[in-house]
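> This is the content of upload.cif (mmCIF, C-alpha atoms):
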```cif
data_coords
loop_
_atom_site.group_PDB
_atom_site.id
_atom_site.type_symbol
_atom_site.label_atom_id
_atom_site.label_comp_id
_atom_site.auth_asym_id
_atom_site.auth_seq_id
_atom_site.Cartn_x
_atom_site.Cartn_y
_atom_site.Cartn_z
ATOM 1 C CA MET N 763 101.437 99.146 89.867
ATOM 2 C CA ILE N 764 100.630 97.382 93.115
ATOM 3 C CA ILE N 765 97.040 97.155 94.309
ATOM 4 C CA VAL N 766 96.572 97.485 98.066
ATOM 5 C CA SER N 767 93.531 97.168 100.270
ATOM 6 C CA ALA N 768 92.494 100.768 100.886
ATOM 7 C CA CYS N 769 92.144 100.216 104.641
ATOM 8 C CA LEU N 770 95.857 99.325 104.812
ATOM 9 C CA ALA N 771 96.683 102.752 103.353
ATOM 10 C CA GLY N 772 94.768 104.476 106.152
ATOM 11 C CA ILE N 773 91.452 104.952 104.352
ATOM 12 C CA LYS N 774 88.563 104.489 106.778
ATOM 13 C CA CYS N 775 86.650 101.935 104.713
ATOM 14 C CA ARG N 776 86.541 98.893 107.002
ATOM 15 C CA TYR N 777 83.131 97.473 107.854
ATOM 16 C CA ASP N 778 83.296 99.312 111.208
ATOM 17 C CA GLY N 779 84.351 102.637 109.676
ATOM 18 C CA LYS N 780 87.959 102.303 110.830
ATOM 19 C CA ASP N 781 91.196 101.634 108.963
ATOM 20 C CA ASN N 782 94.057 99.134 109.292
ATOM 21 C CA LEU N 783 96.857 101.629 108.623
ATOM 22 C CA VAL N 784 100.250 100.161 107.787
ATOM 23 C CA PRO N 785 102.601 103.145 107.425
ATOM 24 C CA GLU N 786 104.825 101.375 104.876
ATOM 25 C CA ILE N 787 101.805 100.693 102.651
ATOM 26 C CA GLN N 788 100.520 104.251 103.024
ATOM 27 C CA LYS N 789 103.983 105.477 101.978
ATOM 28 C CA MET N 790 103.834 103.316 98.832
ATOM 29 C CA VAL N 791 100.502 104.927 97.933
ATOM 30 C CA LEU N 792 101.778 108.451 98.598
ATOM 31 C CA GLU N 793 104.814 107.749 96.398
ATOM 32 C CA GLY N 794 102.561 106.597 93.542
ATOM 33 C CA LYS N 795 103.761 102.984 93.711
ATOM 34 C CA ALA N 796 100.451 101.520 94.881
ATOM 35 C CA LEU N 797 96.755 102.068 94.229
ATOM 36 C CA PRO N 798 94.376 101.755 97.214
ATOM 37 C CA LEU N 799 91.085 100.007 96.423
ATOM 38 C CA CYS N 800 88.228 98.694 98.555
ATOM 39 C CA PRO N 801 86.183 96.037 96.730
ATOM 40 C CA GLU N 802 83.326 96.346 99.205
ATOM 41 C CA GLU N 803 82.924 100.087 98.667
ATOM 42 C CA LEU N 804 83.380 99.628 94.904
ATOM 43 C CA GLY N 805 80.525 97.131 95.103
ATOM 44 C CA GLY N 806 78.257 99.824 96.506
ATOM 45 C CA LEU N 807 78.301 98.860 100.177
ATOM 46 C CA PRO N 808 78.299 101.697 102.705
ATOM 47 C CA THR N 809 80.891 102.401 105.360
ATOM 48 C CA PRO N 810 80.270 101.508 108.069
ATOM 49 C CA ARG N 811 78.440 98.303 107.209
ATOM 50 C CA ILE N 812 77.476 95.115 108.981
ATOM 51 C CA SER N 813 80.149 92.455 109.381
ATOM 52 C CA CYS N 814 80.160 89.765 106.680
ATOM 53 C CA GLU N 815 81.710 86.330 106.266
ATOM 54 C CA ILE N 816 81.861 83.710 103.520
ATOM 55 C CA ARG N 817 79.625 80.651 103.753
ATOM 56 C CA LYS N 818 79.147 77.727 101.393
ATOM 57 C CA ILE N 819 75.541 77.848 100.190
ATOM 58 C CA ASN N 820 74.398 75.312 97.596
ATOM 59 C CA GLY N 821 78.022 74.464 96.844
ATOM 60 C CA ARG N 822 79.189 78.001 96.153
ATOM 61 C CA ASN N 823 80.819 80.713 98.216
ATOM 62 C CA SER N 824 78.321 83.320 99.323
ATOM 63 C CA VAL N 825 78.955 86.412 101.416
ATOM 64 C CA VAL N 826 76.461 86.717 104.233
ATOM 65 C CA SER N 827 76.034 89.493 106.779
ATOM 66 C CA GLU N 828 75.864 88.867 110.485
ATOM 67 C CA LYS N 829 72.087 89.386 110.139
ATOM 68 C CA GLY N 830 71.873 86.643 107.486
ATOM 69 C CA GLU N 831 71.491 88.905 104.438
ATOM 70 C CA ASP N 832 73.159 87.589 101.255
ATOM 71 C CA LEU N 833 75.468 90.333 99.960
ATOM 72 C CA THR N 834 77.308 88.200 97.415
ATOM 73 C CA ARG N 835 76.141 90.334 94.477
ATOM 74 C CA GLU N 836 77.536 93.543 95.996
ATOM 75 C CA PHE N 837 80.811 91.860 96.915
ATOM 76 C CA GLN N 838 81.127 90.353 93.425
ATOM 77 C CA THR N 839 80.464 93.723 91.775
ATOM 78 C CA GLY N 840 83.404 95.203 93.695
ATOM 79 C CA VAL N 841 85.591 92.198 92.919
ATOM 80 C CA ASP N 842 84.858 92.553 89.201
ATOM 81 C CA LYS N 843 85.862 96.228 89.315
ATOM 82 C CA VAL N 844 89.129 95.533 91.149
ATOM 83 C CA ALA N 845 89.956 92.676 88.765
ATOM 84 C CA LYS N 846 89.336 94.936 85.758
ATOM 85 C CA ILE N 847 91.527 97.691 87.209
ATOM 86 C CA ALA N 848 94.280 95.133 87.888
ATOM 87 C CA GLN N 849 94.032 93.929 84.297
ATOM 88 C CA ILE N 850 94.158 97.458 82.836
ATOM 89 C CA LEU N 851 97.186 98.345 84.977
ATOM 90 C CA ASP N 852 98.883 95.000 84.278
ATOM 91 C CA CYS N 853 99.133 94.534 88.033
ATOM 92 C CA LYS N 854 101.470 91.730 89.125
ATOM 93 C CA THR N 855 101.281 92.235 92.914
ATOM 94 C CA ALA N 856 98.581 92.946 95.493
ATOM 95 C CA ILE N 857 98.830 93.527 99.232
ATOM 96 C CA LEU N 858 95.458 92.669 100.726
ATOM 97 C CA LYS N 859 93.908 92.762 104.194
ATOM 98 C CA SER N 860 94.205 89.366 105.819
ATOM 99 C CA ARG N 861 91.094 87.433 106.862
ATOM 100 C CA SER N 862 88.676 89.701 104.956
ATOM 101 C CA PRO N 863 85.791 88.108 102.995
ATOM 102 C CA SER N 864 86.998 90.197 100.050
ATOM 103 C CA CYS N 865 90.744 90.428 100.509
ATOM 104 C CA GLY N 866 91.831 87.511 102.716
ATOM 105 C CA SER N 867 94.643 85.747 100.877
ATOM 106 C CA ASP N 868 95.249 82.645 102.986
ATOM 107 C CA GLN N 869 92.711 82.560 105.809
ATOM 108 C CA ILE N 870 89.123 83.719 106.167
ATOM 109 C CA TYR N 871 86.532 83.452 108.910
ATOM 110 C CA ASP N 872 84.436 80.282 108.739
ATOM 111 C CA GLY N 873 81.036 81.945 108.283
ATOM 112 C CA SER N 874 79.805 81.301 111.826
ATOM 113 C CA PHE N 875 80.725 84.764 113.169
ATOM 114 C CA SER N 876 82.510 83.012 116.036
ATOM 115 C CA GLY N 877 86.014 84.262 115.188
ATOM 116 C CA LYS N 878 87.136 80.859 113.891
ATOM 117 C CA LEU N 879 89.587 81.029 110.982
ATOM 118 C CA ILE N 880 89.844 78.487 108.180
ATOM 119 C CA PRO N 881 92.166 78.176 105.176
ATOM 120 C CA GLY N 882 90.741 80.034 102.203
ATOM 121 C CA LYS N 883 90.684 83.186 100.148
ATOM 122 C CA GLY N 884 88.287 86.090 99.973
ATOM 123 C CA LEU N 885 86.442 86.731 96.718
ATOM 124 C CA CYS N 886 88.772 89.489 95.517
ATOM 125 C CA ALA N 887 91.923 87.598 96.463
ATOM 126 C CA SER N 888 90.655 84.580 94.531
ATOM 127 C CA ALA N 889 89.892 86.638 91.427
ATOM 128 C CA LEU N 890 93.280 88.357 91.466
ATOM 129 C CA LYS N 891 95.075 85.047 92.005
ATOM 130 C CA GLU N 892 93.245 83.624 88.955
ATOM 131 C CA GLN N 893 94.637 86.564 86.944
ATOM 132 C CA GLY N 894 98.166 85.647 88.015
ATOM 133 C CA VAL N 895 98.574 88.421 90.575
ATOM 134 C CA GLN N 896 100.968 87.545 93.383
ATOM 135 C CA LEU N 897 99.207 88.024 96.723
ATOM 136 C CA PHE N 898 100.611 89.307 99.984
ATOM 137 C CA ASN N 899 98.936 90.506 103.157
ATOM 138 C CA GLU N 900 99.879 93.165 105.673
ATOM 139 C CA GLU N 901 101.542 90.527 107.834
ATOM 140 C CA ASN N 902 103.889 88.997 105.273
ATOM 141 C CA PHE N 903 104.696 91.621 102.642
ATOM 142 C CA LEU N 904 107.610 93.168 104.547
ATOM 143 C CA LYS N 905 109.203 89.743 105.069
ATOM 144 C CA GLU N 906 109.406 89.101 101.329
ATOM 145 C CA LYS N 907 112.440 90.178 99.312
ATOM 146 C CA HIS N 908 110.447 91.836 96.535
ATOM 147 C CA LYS N 909 111.046 95.383 95.382
ATOM 148 C CA TYR N 910 107.947 97.487 95.731
#
```
Now, as a test, write the supplied structure out as C-alpha cells.


Amino acid sequence: MIIVSACLAGIKCRYDGKDNLVPEIQKMVLEGKALPLCPEELGGLPTPRISCEIRKINGRNSVVSEKGEDLTREFQTGVDKVAKIAQILDCKTAILKSRSPSCGSDQIYDGSFSGKLIPGKGLCASALKEQGVQLFNEENFLKEKHKY
C-alpha cells in the first residue's frame, strides 16, 4: 500500500480548506492502490486552519502557527498515527505534499512566513523516512520508474 497526502487525492484538507488534486494520485486511491491520509487532521487540527511552519526552538523542530502558537503536539500526534498506519500496512512508499510542515520531503519553509524555502523534511516525512519508507512528492513521483 502507498500512503499519499490526502490533499493530493483531492480531499479538501489543506490549511486553507482547499486541495492539491493530482489526478494520477486520485486515480491510485480510487483503484485501492493508495491510502490518503492527512497528518494534520489526524492530529486534531481543524480545516481550515492557520498556516504553520517549522522553526528550531531550543534545538528541536517545533511547528508554529503564523500567530506564534506552538502546535507541535498536534502535528506530532498526527505523525504518530500516520507512522503507525504505515507500519501496520507494511508501507514501502509514500507520495507527500511538497513543502508542507508535515509532508515536505526535501524542502520546507524556513519558519519566517516569508515564502523562503530551505532544505529539510516535514515531521511526517521524517518519521516515515526513519521507518524506511521511500518518499516522493507530487512533483517527482511521475518521473520515477516505480510501479505504483

> Can you translate the PyMOL selection byres ((chain N and resi 813) around 7) into the concrete residues it hits in this file, as an MDAnalysis selection string?

chainID N and resid 777 811:812 814 827:828

> As a short mmCIF file (atom, residue, chain, number, x, y, z; two decimals) with C-alpha atoms, keeping the file's coordinate frame, please: the residues near Asn899 in chain N (cut-off 7 Å, all atoms listed in the file, same-chain neighbours under 4 positions excluded).


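Generated output (around20.cif):
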```cif
data_model
loop_
_atom_site.label_atom_id
_atom_site.label_comp_id
_atom_site.auth_asym_id
_atom_site.auth_seq_id
_atom_site.Cartn_x
_atom_site.Cartn_y
_atom_site.Cartn_z
CA ILE N 857 98.83 93.53 99.23
CA LEU N 858 95.46 92.67 100.73
CA LYS N 859 93.91 92.76 104.19
CA SER N 860 94.20 89.37 105.82
CA SER N 867 94.64 85.75 100.88
CA PHE N 903 104.70 91.62 102.64
#
```

> The PyMOL selection byres ((chain N and resi 894) around 12) - which residues does that actually catch in the file I just gave you? List them as an MDAnalysis selection string.

chainID N and resid 845 848:849 852:856 887:893 895:897

> Residues near Leu833 in chain N, anyone? I mean within 10 Å using only C-alpha atoms, not counting same-chain ones fewer than 6 positions away, as an NGL selection string.

:N and (802 or 805 or 807 or 814-816 or 824-827)

> Evaluated on this file, the PyMOL selection byres ((chain N and resi 803) around 10) picks out some residues - which ones are they, written as number ranges by chain?

N: 768, 775-777, 799-802, 804-811, 836-837, 839-840

> Pick out the closest residue to Asp842 in chain N from this set: N:Leu885, N:Ile870, N:Val791, N:Leu904. Count only C-alpha atoms.

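So, comparing all the options, the nearest one is N:Leu885.
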
> Put the listed atoms of range 853-869 of chain N in a box along x, y and z with 5 Å added on every side and give me the centre and edge lengths in Å to one decimal, as lines of an AutoDock Vina configuration file.


```
center_x = 93.6
center_y = 88.5
center_z = 97.4
size_x = 25.7
size_y = 22.0
size_z = 28.8
```

> If we count only C-alpha atoms, what is near Pro798 in chain N at a cut-off of 9 Å, once residues fewer than 2 positions away on the same chain are taken out, given as a PyMOL selection string?

chain N and resi 764-771+773+788+791+796+800

> Calculated over all atoms listed in the file, which of the candidates N:Gly884, N:Gly866, N:Gly877, N:Gly794 has the smallest distance to Asn823 in chain N?

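For Asn823 in chain N, the nearest of the candidates is N:Gly884.
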
> Calculate how many Å separate CA of Asp872 in chain N from CA of Gly821 in chain N, rounding to one decimal.

14.7 Å

> My list of candidates is N:Gly772, N:Asp868, N:Gly882, N:Val784. Which is closest to Phe898 in chain N when distances are computed with all atoms listed in the file?

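Among N:Gly772, N:Asp868, N:Gly882, N:Val784, it is N:Asp868 that comes nearest to Phe898 in chain N.
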
> Just the number, please: distance in Å from CA of Glu900 in chain N to CA of Lys789 in chain N, one decimal.

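Separation between CA of Glu900 in chain N and CA of Lys789 in chain N: 13.5 Å.
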
> Would you mind reading off the distance between CA of Met790 in chain N and CA of Cys886 in chain N, one decimal, in Å?

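A separation of 20.7 Å between them.
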